[in-house]
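S.K.: Input structure: start_5.txt, which contains compact mmCIF, C-alpha atoms and all ligand atoms.
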# COMPACT_ATOMS: atom_id res chain seq x y z
CA MET O 254 -54.90 -44.15 -12.50
CA LYS O 255 -51.97 -46.08 -13.87
CA ILE O 256 -48.66 -44.32 -14.24
CA ASN O 257 -46.32 -45.72 -16.80
CA LYS O 258 -42.51 -45.75 -16.69
CA ARG O 259 -42.21 -42.75 -18.98
CA GLN O 260 -44.46 -40.65 -16.74
CA ILE O 261 -42.45 -41.68 -13.65
CA THR O 262 -39.25 -40.54 -15.37
CA ILE O 263 -40.83 -37.19 -16.27
CA ILE O 264 -42.05 -36.65 -12.67
CA ILE O 265 -38.60 -37.46 -11.22
CA LEU O 266 -36.98 -35.13 -13.73
CA ALA O 267 -39.43 -32.34 -12.87
CA ILE O 268 -38.79 -32.73 -9.12
CA PHE O 269 -35.05 -32.70 -9.79
CA LEU O 270 -35.34 -29.50 -11.85
CA ILE O 271 -37.48 -27.75 -9.22
CA VAL O 272 -35.07 -28.66 -6.42
CA THR O 273 -31.91 -27.65 -8.32
CA SER O 274 -33.39 -24.38 -9.57
CA PHE O 275 -34.51 -23.53 -6.00
CA PHE O 276 -30.95 -23.89 -4.76
CA SER O 277 -29.42 -22.04 -7.68
CA ILE O 278 -31.69 -18.97 -7.38
CA ARG O 279 -31.37 -18.83 -3.60
CA PRO O 280 -28.62 -16.25 -2.87
CA ARG O 281 -25.50 -17.90 -1.49
CA GLN O 282 -25.05 -17.07 2.16
CA LEU O 283 -21.69 -15.38 2.59
CA VAL O 284 -19.76 -14.93 5.79
CA LYS O 285 -17.83 -11.77 6.51
CA SER O 286 -15.10 -11.84 9.10
CA ASP O 287 -12.99 -8.92 10.32
CA SER O 288 -9.67 -9.14 12.18
CA GLY O 289 -9.94 -5.76 13.89
CA TYR O 290 -6.78 -3.65 14.11
CA ARG O 291 -3.48 -5.37 14.85
CA LEU O 292 -0.03 -3.85 15.19
CA VAL O 293 2.16 -4.86 12.22
CA MET O 294 4.83 -3.15 10.10
CA GLY O 295 5.06 -0.38 12.68
CA THR O 296 1.42 0.58 12.12
CA PHE O 297 -2.12 -0.76 12.47
CA ALA O 298 -3.46 -3.29 10.00
CA ARG O 299 -6.89 -4.77 9.48
CA VAL O 300 -8.06 -7.60 7.23
CA ALA O 301 -11.67 -8.42 6.32
CA ALA O 302 -12.61 -11.57 4.43
CA VAL O 303 -15.82 -12.59 2.69
CA ALA O 304 -16.09 -16.33 2.18
CA PRO O 305 -18.64 -19.10 1.69
CA ASP O 306 -18.04 -20.35 5.26
CA PRO O 307 -16.52 -19.11 8.56
CA ASN O 308 -13.57 -21.47 8.39
CA THR O 309 -12.44 -20.16 4.99
CA ALA O 310 -12.86 -16.56 6.18
CA ARG O 311 -10.78 -17.25 9.31
CA LYS O 312 -8.07 -19.09 7.37
CA SER O 313 -7.84 -16.27 4.79
CA ILE O 314 -7.35 -13.66 7.51
CA GLN O 315 -4.70 -15.78 9.21
CA ALA O 316 -2.86 -16.35 5.91
CA ALA O 317 -2.98 -12.62 5.13
CA PHE O 318 -1.32 -11.70 8.46
CA THR O 319 1.30 -14.45 8.07
CA GLN O 320 2.15 -12.98 4.67
CA ILE O 321 2.29 -9.39 5.96
CA ASN O 322 4.60 -10.46 8.80
CA LYS O 323 6.81 -12.31 6.31
CA VAL O 324 7.23 -9.16 4.21
CA ASP O 325 8.05 -7.21 7.37
CA GLU O 326 10.69 -9.79 8.39
CA LEU O 327 12.37 -9.29 5.01
CA MET O 328 11.98 -5.58 4.40
CA SER O 329 11.80 -3.72 7.69
CA ASP O 330 14.68 -1.37 8.33
CA TYR O 331 13.80 -1.29 12.05
CA LYS O 332 14.35 -5.01 12.56
CA SER O 333 18.11 -5.52 12.81
CA ASP O 334 17.90 -9.09 11.40
CA SER O 335 15.80 -8.26 8.34
CA GLU O 336 17.23 -8.74 4.86
CA ILE O 337 17.17 -4.99 4.24
CA SER O 338 19.08 -4.35 7.48
CA ARG O 339 21.67 -6.90 6.34
CA VAL O 340 21.95 -5.10 3.00
CA ASN O 341 22.30 -1.74 4.77
CA LYS O 342 25.07 -3.15 6.97
CA ASP O 343 27.14 -5.00 4.35
CA ALA O 344 26.31 -3.89 0.79
CA PHE O 345 29.13 -1.37 0.50
CA ASN O 346 31.72 -4.01 1.36
CA GLN O 347 30.30 -6.83 -0.76
CA PRO O 348 27.27 -7.73 -2.90
CA VAL O 349 24.52 -9.05 -0.62
CA ASN O 350 22.28 -11.86 -1.82
CA VAL O 351 18.56 -11.35 -1.12
CA SER O 352 15.32 -13.31 -1.53
CA ARG O 353 13.28 -13.24 -4.74
CA GLU O 354 10.63 -11.08 -3.00
CA THR O 355 13.05 -8.44 -1.76
CA PHE O 356 14.82 -8.33 -5.11
CA LYS O 357 11.48 -7.82 -6.88
CA VAL O 358 10.59 -4.89 -4.60
CA LEU O 359 14.02 -3.33 -5.20
CA GLN O 360 13.55 -3.65 -8.97
CA LYS O 361 10.04 -2.18 -8.75
CA SER O 362 11.39 0.68 -6.62
CA ILE O 363 13.91 1.55 -9.31
CA GLU O 364 11.14 1.49 -11.93
CA PHE O 365 9.15 4.00 -9.85
CA SER O 366 12.26 6.13 -9.44
CA THR O 367 12.69 6.29 -13.21
CA LEU O 368 8.97 6.92 -13.78
CA SER O 369 8.89 9.79 -11.27
CA GLY O 370 12.17 11.38 -12.35
CA GLY O 371 13.79 10.52 -9.02
CA ALA O 372 10.96 11.79 -6.78
CA PHE O 373 10.54 8.27 -5.45
CA ASP O 374 13.89 7.02 -4.20
CA ILE O 375 14.42 4.18 -1.73
CA THR O 376 18.03 5.24 -1.10
CA ILE O 377 16.60 8.24 0.80
CA GLY O 378 17.72 6.63 4.12
CA PRO O 379 20.66 8.97 4.98
CA LEU O 380 18.39 12.03 4.58
CA VAL O 381 15.63 10.41 6.67
CA ASP O 382 18.22 9.73 9.39
CA LEU O 383 19.54 13.30 9.21
CA TRP O 384 16.04 14.74 9.78
CA HIS O 385 15.49 12.37 12.71
CA GLN O 386 18.75 13.51 14.29
CA ALA O 387 17.76 17.11 13.61
CA ALA O 388 14.47 16.55 15.45
CA GLU O 389 16.34 15.12 18.44
CA ALA O 390 18.69 18.11 18.48
CA ASN O 391 15.71 20.44 17.83
CA SER O 392 17.64 22.26 15.14
CA ILE O 393 17.21 22.03 11.36
CA PRO O 394 20.09 20.42 9.41
CA THR O 395 22.76 22.75 8.07
CA ARG O 396 23.34 23.14 4.33
CA ASN O 397 26.60 21.25 4.73
CA GLN O 398 24.88 18.34 6.50
CA LEU O 399 22.23 18.17 3.78
CA GLU O 400 24.90 18.16 1.06
CA GLN O 401 26.85 15.44 2.87
CA ALA O 402 23.78 13.21 3.20
CA ARG O 403 22.80 13.82 -0.43
CA THR O 404 26.10 12.31 -1.62
CA LYS O 405 24.85 8.98 -0.19
CA VAL O 406 21.42 9.16 -1.85
CA GLY O 407 20.41 8.17 -5.40
CA CYS O 408 19.11 5.00 -7.03
CA GLU O 409 21.88 5.22 -9.61
CA LYS O 410 24.27 4.32 -6.76
CA LEU O 411 22.37 1.10 -6.12
CA ILE O 412 23.78 -1.84 -8.10
CA LEU O 413 21.40 -4.74 -8.63
CA ASP O 414 22.58 -8.00 -10.19
CA ALA O 415 19.57 -9.94 -11.46
CA ASN O 416 21.58 -13.12 -12.18
CA ASP O 417 23.00 -13.45 -8.68
CA GLN O 418 20.05 -11.60 -7.06
CA THR O 419 22.48 -9.36 -5.19
CA VAL O 420 22.55 -5.73 -4.07
CA LYS O 421 25.65 -3.56 -3.83
CA PHE O 422 26.13 0.06 -2.72
CA ALA O 423 28.46 2.27 -4.80
CA VAL O 424 28.94 4.75 -1.92
CA GLU O 425 29.73 4.10 1.74
CA GLY O 426 26.97 5.05 4.19
CA MET O 427 24.06 4.42 1.83
CA ARG O 428 20.84 3.14 3.40
CA ILE O 429 17.75 1.65 1.75
CA ASP O 430 14.37 2.62 3.22
CA LEU O 431 11.37 0.72 1.85
CA GLY O 432 8.89 2.68 4.01
CA GLY O 433 7.30 4.17 0.89
CA ILE O 434 6.55 0.88 -0.90
CA ALA O 435 6.74 -2.19 1.38
CA LYS O 436 3.21 -1.77 2.78
CA GLY O 437 1.78 -1.77 -0.73
CA TYR O 438 3.72 -4.90 -1.65
CA ALA O 439 2.60 -6.64 1.56
CA ILE O 440 -1.05 -5.76 0.81
CA ASP O 441 -0.84 -7.27 -2.69
CA LYS O 442 0.75 -10.45 -1.32
CA ALA O 443 -1.92 -10.68 1.38
CA VAL O 444 -4.72 -10.36 -1.22
CA GLN O 445 -3.09 -13.11 -3.28
CA VAL O 446 -2.98 -15.59 -0.39
CA MET O 447 -6.56 -14.74 0.63
CA GLN O 448 -7.76 -15.58 -2.86
CA ASN O 449 -5.74 -18.80 -2.78
CA CYS O 450 -7.42 -19.69 0.52
CA GLY O 451 -10.87 -19.38 -1.10
CA ALA O 452 -11.97 -15.89 0.00
CA ILE O 453 -14.34 -14.48 -2.60
CA GLY O 454 -13.95 -10.96 -1.33
CA GLY O 455 -11.75 -9.05 1.05
CA LEU O 456 -10.06 -5.90 2.19
CA VAL O 457 -6.51 -5.46 3.45
CA ASP O 458 -5.65 -2.19 5.22
CA ILE O 459 -2.11 -1.48 6.41
CA GLY O 460 -1.80 1.96 7.96
CA GLY O 461 -4.53 3.39 5.70
CA ASP O 462 -3.16 1.89 2.47
CA ILE O 463 -5.89 -0.44 1.25
CA ARG O 464 -6.76 -2.96 -1.43
CA CYS O 465 -10.17 -4.57 -1.83
CA PHE O 466 -11.31 -7.40 -4.06
CA GLY O 467 -14.49 -9.28 -4.97
CA ALA O 468 -17.68 -9.19 -2.96
CA SER O 469 -17.91 -6.83 0.01
CA THR O 470 -20.90 -8.66 1.44
CA ARG O 471 -23.89 -10.61 0.11
CA GLY O 472 -22.84 -10.28 -3.49
CA LYS O 473 -22.19 -6.51 -3.55
CA LYS O 474 -18.94 -5.58 -5.25
CA ASN O 475 -18.40 -2.08 -3.91
CA TRP O 476 -16.21 -1.34 -0.94
CA LEU O 477 -16.57 2.08 0.70
CA ILE O 478 -13.33 3.71 1.83
CA GLY O 479 -13.07 7.11 3.50
CA VAL O 480 -10.36 9.63 2.61
CA GLN O 481 -9.31 11.59 5.67
CA ASP O 482 -9.38 15.33 5.87
CA PRO O 483 -5.71 16.15 6.68
CA ASN O 484 -6.79 19.23 8.61
CA LYS O 485 -9.16 17.30 10.85
CA ALA O 486 -7.31 14.02 11.34
CA LYS O 487 -4.71 14.29 14.06
CA GLN O 488 -3.04 10.98 14.76
CA THR O 489 -3.39 7.40 13.55
CA PHE O 490 -6.62 6.55 15.34
CA ASP O 491 -8.25 9.95 15.21
CA THR O 492 -9.54 9.70 11.67
CA GLY O 493 -11.92 12.65 12.02
CA GLU O 494 -14.71 13.21 9.49
CA PRO O 495 -13.84 11.72 6.09
CA LEU O 496 -13.36 14.37 3.45
CA LEU O 497 -14.90 12.10 0.86
CA ILE O 498 -15.85 8.48 0.42
CA LEU O 499 -14.48 6.28 -2.34
CA GLN O 500 -16.47 3.46 -3.86
CA LEU O 501 -14.01 0.85 -5.08
CA THR O 502 -14.20 -2.52 -6.81
CA ASP O 503 -11.04 -4.59 -7.19
CA ALA O 504 -8.76 -1.64 -6.60
CA ALA O 505 -6.15 -0.24 -4.25
CA VAL O 506 -5.87 3.15 -2.58
CA ALA O 507 -2.92 4.67 -0.73
CA THR O 508 -2.57 7.99 1.02
CA SER O 509 0.66 9.80 1.81
CA GLY O 510 0.80 12.93 3.84
CA GLY O 511 2.97 14.83 6.22
CA TYR O 512 -0.01 15.27 8.57
CA ARG O 513 0.31 11.77 10.01
CA ARG O 514 4.03 11.22 10.24
CA PHE O 515 6.43 14.08 10.62
CA VAL O 516 9.30 15.39 12.68
CA GLN O 517 8.91 18.54 14.71
CA ILE O 518 11.74 21.06 15.00
CA GLN O 519 11.34 24.30 16.95
CA GLY O 520 7.57 23.89 16.82
CA LYS O 521 7.45 23.45 13.03
CA LYS O 522 6.33 20.18 11.42
CA TYR O 523 8.40 18.60 8.64
CA SER O 524 6.94 15.76 6.56
CA HIS O 525 8.62 12.34 6.68
CA ILE O 526 8.71 12.37 2.86
CA ILE O 527 11.90 13.87 1.50
CA ASN O 528 12.93 15.35 -1.84
CA ARG O 529 16.34 13.93 -2.71
CA ASN O 530 17.20 16.97 -4.88
CA THR O 531 16.90 19.46 -2.04
CA GLY O 532 17.35 17.13 0.93
CA LYS O 533 14.29 18.80 2.45
CA SER O 534 10.86 17.48 3.27
CA ALA O 535 8.03 17.61 0.73
CA GLN O 536 5.86 20.65 1.42
CA ASP O 537 3.36 21.41 -1.32
CA LEU O 538 0.72 18.79 -0.58
CA SER O 539 -0.76 17.89 2.76
CA SER O 540 -2.41 14.75 1.39
CA VAL O 541 -1.97 12.60 -1.71
CA THR O 542 -4.37 9.74 -2.39
CA ILE O 543 -3.71 7.43 -5.32
CA ILE O 544 -6.18 4.89 -6.68
CA ALA O 545 -4.63 2.08 -8.74
CA LYS O 546 -5.18 -1.57 -9.50
CA LYS O 547 -2.34 -2.75 -7.26
CA ALA O 548 -1.38 -1.51 -3.81
CA ILE O 549 2.35 -1.46 -4.60
CA ASN O 550 1.69 1.08 -7.38
CA ALA O 551 -0.69 3.18 -5.27
CA ASP O 552 1.79 3.24 -2.36
CA ALA O 553 4.89 4.18 -4.37
CA LEU O 554 3.04 6.74 -6.49
CA ALA O 555 1.48 8.43 -3.43
CA THR O 556 4.97 8.97 -2.02
CA ALA O 557 6.31 10.09 -5.43
CA VAL O 558 3.51 12.61 -6.05
CA SER O 559 4.01 14.06 -2.53
CA VAL O 560 7.51 15.02 -3.67
CA MET O 561 6.56 16.06 -7.21
CA GLY O 562 3.87 18.50 -6.12
CA PRO O 563 0.47 19.19 -7.70
CA HIS O 564 1.45 20.07 -11.29
CA LYS O 565 4.10 17.48 -12.09
CA GLY O 566 2.33 14.94 -9.89
CA THR O 567 -1.04 15.10 -11.64
CA ALA O 568 0.68 15.19 -15.05
CA LEU O 569 2.40 11.90 -14.19
CA ILE O 570 -0.79 10.22 -12.92
CA GLU O 571 -2.78 11.31 -15.99
CA LYS O 572 -0.29 9.35 -18.10
CA ILE O 573 -0.69 6.09 -16.16
CA PRO O 574 -3.71 3.96 -17.14
CA GLN O 575 -6.28 2.95 -14.48
CA THR O 576 -4.66 5.28 -11.97
CA GLU O 577 -6.13 8.43 -10.39
CA ALA O 578 -5.08 10.99 -7.80
CA ILE O 579 -6.90 13.09 -5.21
CA LEU O 580 -4.67 15.80 -3.75
CA ILE O 581 -5.06 18.40 -1.06
CA THR O 582 -2.63 21.29 -1.17
CA SER O 583 -0.98 22.50 2.01
CA PRO O 584 -2.54 25.20 4.21
CA PRO O 585 -3.58 27.94 3.86
CA GLU O 586 -4.94 26.99 0.37
CA ASN O 587 -6.18 23.46 1.21
CA LYS O 588 -7.25 23.12 -2.40
CA LEU O 589 -8.74 19.82 -3.59
CA ILE O 590 -7.25 18.69 -6.91
CA THR O 591 -8.32 15.52 -8.74
CA THR O 592 -7.19 13.83 -11.94
CA SER O 593 -9.66 13.55 -14.82
CA GLY O 594 -11.02 10.07 -14.00
CA ALA O 595 -11.12 10.32 -10.20
CA SER O 596 -14.77 11.40 -9.88
CA LYS O 597 -16.09 7.97 -10.91
CA TYR O 598 -14.68 6.58 -7.64
CA ILE O 599 -16.05 9.36 -5.42
CA LYS O 600 -19.42 8.58 -3.81
CA GLN O 601 -21.85 11.43 -4.44
P1 LIG J 701 4.50 6.76 2.56
O1 LIG J 701 3.86 6.90 3.88
O2 LIG J 701 4.12 5.54 1.79
O3 LIG J 701 4.43 7.99 1.72
O4 LIG J 701 6.06 6.50 2.83
C1 LIG J 701 6.84 7.44 3.51
C2 LIG J 701 8.10 6.76 3.94
O5 LIG J 701 8.89 6.47 2.77
C3 LIG J 701 8.97 7.62 4.82
O6 LIG J 701 8.66 7.44 6.18
C4 LIG J 701 10.36 7.14 4.47
O7 LIG J 701 10.60 5.94 5.17
C5 LIG J 701 10.24 6.81 2.99
N1 LIG J 701 10.52 7.94 2.11
C6 LIG J 701 10.68 9.27 2.42
N2 LIG J 701 10.92 10.01 1.33
C7 LIG J 701 10.92 9.14 0.28
C8 LIG J 701 11.13 9.28 -1.13
N3 LIG J 701 11.36 10.46 -1.68
N4 LIG J 701 11.06 8.16 -1.89
C9 LIG J 701 10.83 6.95 -1.35
N5 LIG J 701 10.62 6.75 -0.04
C10 LIG J 701 10.66 7.82 0.77
MG MG J 702 4.04 5.18 -0.22
Rewrite the structure from the file as C-alpha cells, please.
M.R.:
Amino acid sequence: MKINKRQITIIILAIFLIVTSFFSIRPRQLVKSDSGYRLVMGTFARVAAVAPDPNTARKSIQAAFTQINKVDELMSDYKSDSEISRVNKDAFNQPVNVSRETFKVLQKSIEFSTLSGGAFDITIGPLVDLWHQAAEANSIPTRNQLEQARTKVGCEKLILDANDQTVKFAVEGMRIDLGGIAKGYAIDKAVQVMQNCGAIGGLVDIGGDIRCFGASTRGKKNWLIGVQDPNKAKQTFDTGEPLLILQLTDAAVATSGGYRRFVQIQGKKYSHIINRNTGKSAQDLSSVTIIAKKAINADALATAVSVMGPHKGTALIEKIPQTEAILITSPPENKLITTSGASKYIKQ
C-alpha cells in the first residue's frame, strides 16, 4: 500500500494529538513539603508548600521563613534592636523614621483601632507591662496604677507622619506592642513570597494563626484546620481534641484567647489581652476565631473581638464582608456563638 504525503501528515498530526492529550489529561504530580514546627516570633511556626517539584517547594518554605524572620526583626518588642524597640525608646523625644513595612502595619493598626472603637490598640504596652509586673509581685494592680498606665495608652497619642514615614509619641512612657497584629502581617508576607517562588498551594501557621492558599494536595483546594477547645487545650503543644474543623480555601484564620497566654495572680488567670478603657484583661470570651481573606485582618480582629465581647464583637464582624467569627464564651457558660456565614466553613 502506498502512502502519500497528505496521509503521512495526517498520521503525524494524529500521533501528536494523542501524545499531547495524554499528557494534558494526566493529573500533574504535585509535591507537598512541610517544614515542621520551628521557633519564630516567640512561638511555633510551620509552613507547608505544594509545588510542581521538590526544589520549588523547598525554596518556597525557605523564603517564607526568611520573610517571617524579617518581620520579627522589624516589629518585635522583645528584640532590643528592632525598629519598634527603637521607636519605643526614642519616639517621645523625636520623630523616629521607620521602614515602609513597619509604617504600613502602624497605619493598619490605627485603622483597626477606629473600626473597633478602640478595642484594638497597639499603644496598650504600658498596661501589658503593668500586668506583667503585677504577676511578678503576685498582686493585682491598684486603681491608681491602672489610671497612671492608662494615661500612656491610646492611638490618638500616636503621631504618624506619612510623608516622612515617622512615628512620634505625644506622651512620655508610651510603648507600642504589635503582638496582636504582627503575626498576621508576617503570614500574609510569607504567602506572597511563596507564590512568587512558584508554590501553587501552601499553608503558613504562626502560633495557630493560619493562612492557606491554592491546592492542598493533588489538586484539592480545601485545607482542613482544627479550632481548639479552650477548655481542653492546655499549653501551646497540647492542642487537645479540636472543637470543630474548618474547611478553608484561600482564607486566613486567627484565634485569640486567654487560655493560651495569660498572667497568673494569686491563683487566678488574667488574659494577655487588655481593654484600654478599664485597664483590665478581657474576660467575656475564652476563645475568638476569625476567618477572613487576609491574616492581618483575622489577627487584629480576633484581638479586637476578645475585648469587645460577644454582642459588640459579632455585630462588628457581621458588618465586614467575607469575614466570620466563631466565639466561645468564658466558663461556666462555654457557649458557642457564630456569625451568620460561619457555618459554610465548618466541616459537618
Ligand atoms: P493575639 O494573641 O493576636 O490576640 O494578641 C495578643 C497580644 O496583643 C498581647 O499579648 C499583647 O501583646 C497585645 N495586646 C493586648 N491587648 C491588646 C489590645 N487591646 N489591642 C491590641 N493589642 C493588644
Ligand atoms: Mg491578634
S.K.: Neighbouring residues of ligand MG 702 (chain J) are defined here as those with any atom at most 12 Å from a ligand atom, counting all atoms listed in the file; list them as an NGL selection string.
M.R.: :O and (362 or 365 or 372-375 or 430-438 or 459-463 or 506-511 or 525-527 or 540-543 or 548-560)
S.K.: Using Å and a single decimal, report how far CA of Glu326 in chain O sits from CA of Asn346 in chain O.
M.R.: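 It comes out at 22.9 Å.
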S.K.: Name the closest residue to ligand LIG 701 (chain J) among the candidates O:Ile363, O:Leu413, O:Leu399, O:Ala595; distances are taken between atoms, counting all atoms listed in the file.
M.R.: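 Smallest separation from ligand LIG 701 (chain J) among the options: O:Ile363.
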S.K.: Kindly indicate which residue among O:Ile581, O:Ile518, O:Ile590, O:Val349 lies nearest to Thr567 in chain O, using all atoms listed in the file for the distances.
M.R.: O:Ile590
S.K.: Give, as lines of an AutoDock Vina configuration file, the centre coordinates and the x, y and z edge lengths in Å to one decimal for an axis-aligned box around all listed atoms of ligand LIG 701 (chain J), padded by 6 Å on each side.
M.R.:
center_x = 7.6
center_y = 8.0
center_z = 2.1
size_x = 19.5
size_y = 16.9
size_z = 20.1
S.K.: State, in Å with one decimal place, the distance from CA of Gln386 in chain O to CA of Gly532 in chain O.
M.R.: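 Value for the CA of Gln386 in chain O-CA of Gly532 in chain O distance: 13.9 Å.
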S.K.: Which residues are close to Ala316 in chain O, i.e. within 12 Å by all atoms listed in the file, leaving aside same-chain residues fewer than 3 positions away? Reply as a list of chain:residue names.
M.R.: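 Once the nearby chain positions are removed, what remains is O:Ser288, O:Val300, O:Ala301, O:Ala302, O:Thr309, O:Ala310, O:Arg311, O:Lys312, O:Ser313, O:Thr319, O:Gln320, O:Ile321, O:Asn322, O:Lys323, O:Ala439, O:Ile440, O:Lys442, O:Ala443, O:Val444, O:Gln445, O:Val446, O:Met447, O:Gln448, O:Asn449, O:Cys450, O:Gly451, O:Ala452, O:Val457.
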S.K.: Looking at only C-alpha atoms and all ligand atoms, which of O:Asp382, O:Asp343, O:Asp325, O:Glu354 is the one that sits closest to ligand LIG 701 (chain J)?
M.R.: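 That would be O:Asp382, the residue with the smallest distance to ligand LIG 701 (chain J).
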S.K.: List the spatial neighbours of range 491-505 of chain O as a list in words - criterion: any atom at most 7 Å away, all atoms listed in the file, same-chain residues fewer than 2 positions off excluded.
M.R.: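 Here the qualifying residues turn out to be Ile463, Arg464, Cys465, Phe466, Gly467, Lys474, Asn475, Trp476, Leu477, Ile478, Gly479, Val480, Gln481, Asp482, Lys485, Ala486, Lys487, Gln488, Thr489, Ala507, Ile544, Ala545, Lys546, Lys547, Ala548, Ala551, Tyr598, Ile599 and Lys600 of chain O.
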S.K.: Measuring atom to atom with only C-alpha atoms and all ligand atoms, identify which of O:Arg299, O:Arg291, O:Lys473, O:Arg428 is nearest to ligand LIG 701 (chain J).
M.R.: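 Among the listed residues, the smallest separation from ligand LIG 701 (chain J) belongs to O:Arg428.
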S.K.: Select, from O:Gly295, O:Gly378, O:Pro563, O:Gly289, the residue with the minimum atom-to-atom distance to ligand LIG 701 (chain J), counting all atoms listed in the file.
M.R.: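 Among O:Gly295, O:Gly378, O:Pro563, O:Gly289, it is O:Gly378 that comes nearest to ligand LIG 701 (chain J).
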S.K.: Between CA of Met561 in chain O and atom C3 of ligand LIG 701 (chain J), measure the distance and give it in Å to one decimal.
M.R.: 14.9 Å
S.K.: Which of these residues is nearest to ligand LIG 701 (chain J), using all atoms listed in the file: O:Ala423, O:Leu589, O:Cys408, O:Ala568?
M.R.: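 When distances to ligand LIG 701 (chain J) are compared using all atoms listed in the file, the smallest one comes from O:Cys408.
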S.K.: Using only C-alpha atoms, collect all residues at a distance of at most 8 Å from (13.5, -3.9, 1.2) as written in the file, then present them as a list in words.
M.R.: Leu327, Met328, Ser329, Asp330, Glu336, Ile337, Thr355, Phe356, Val358, Leu359, Ile429, Asp430, Leu431 and Ala435 of chain O
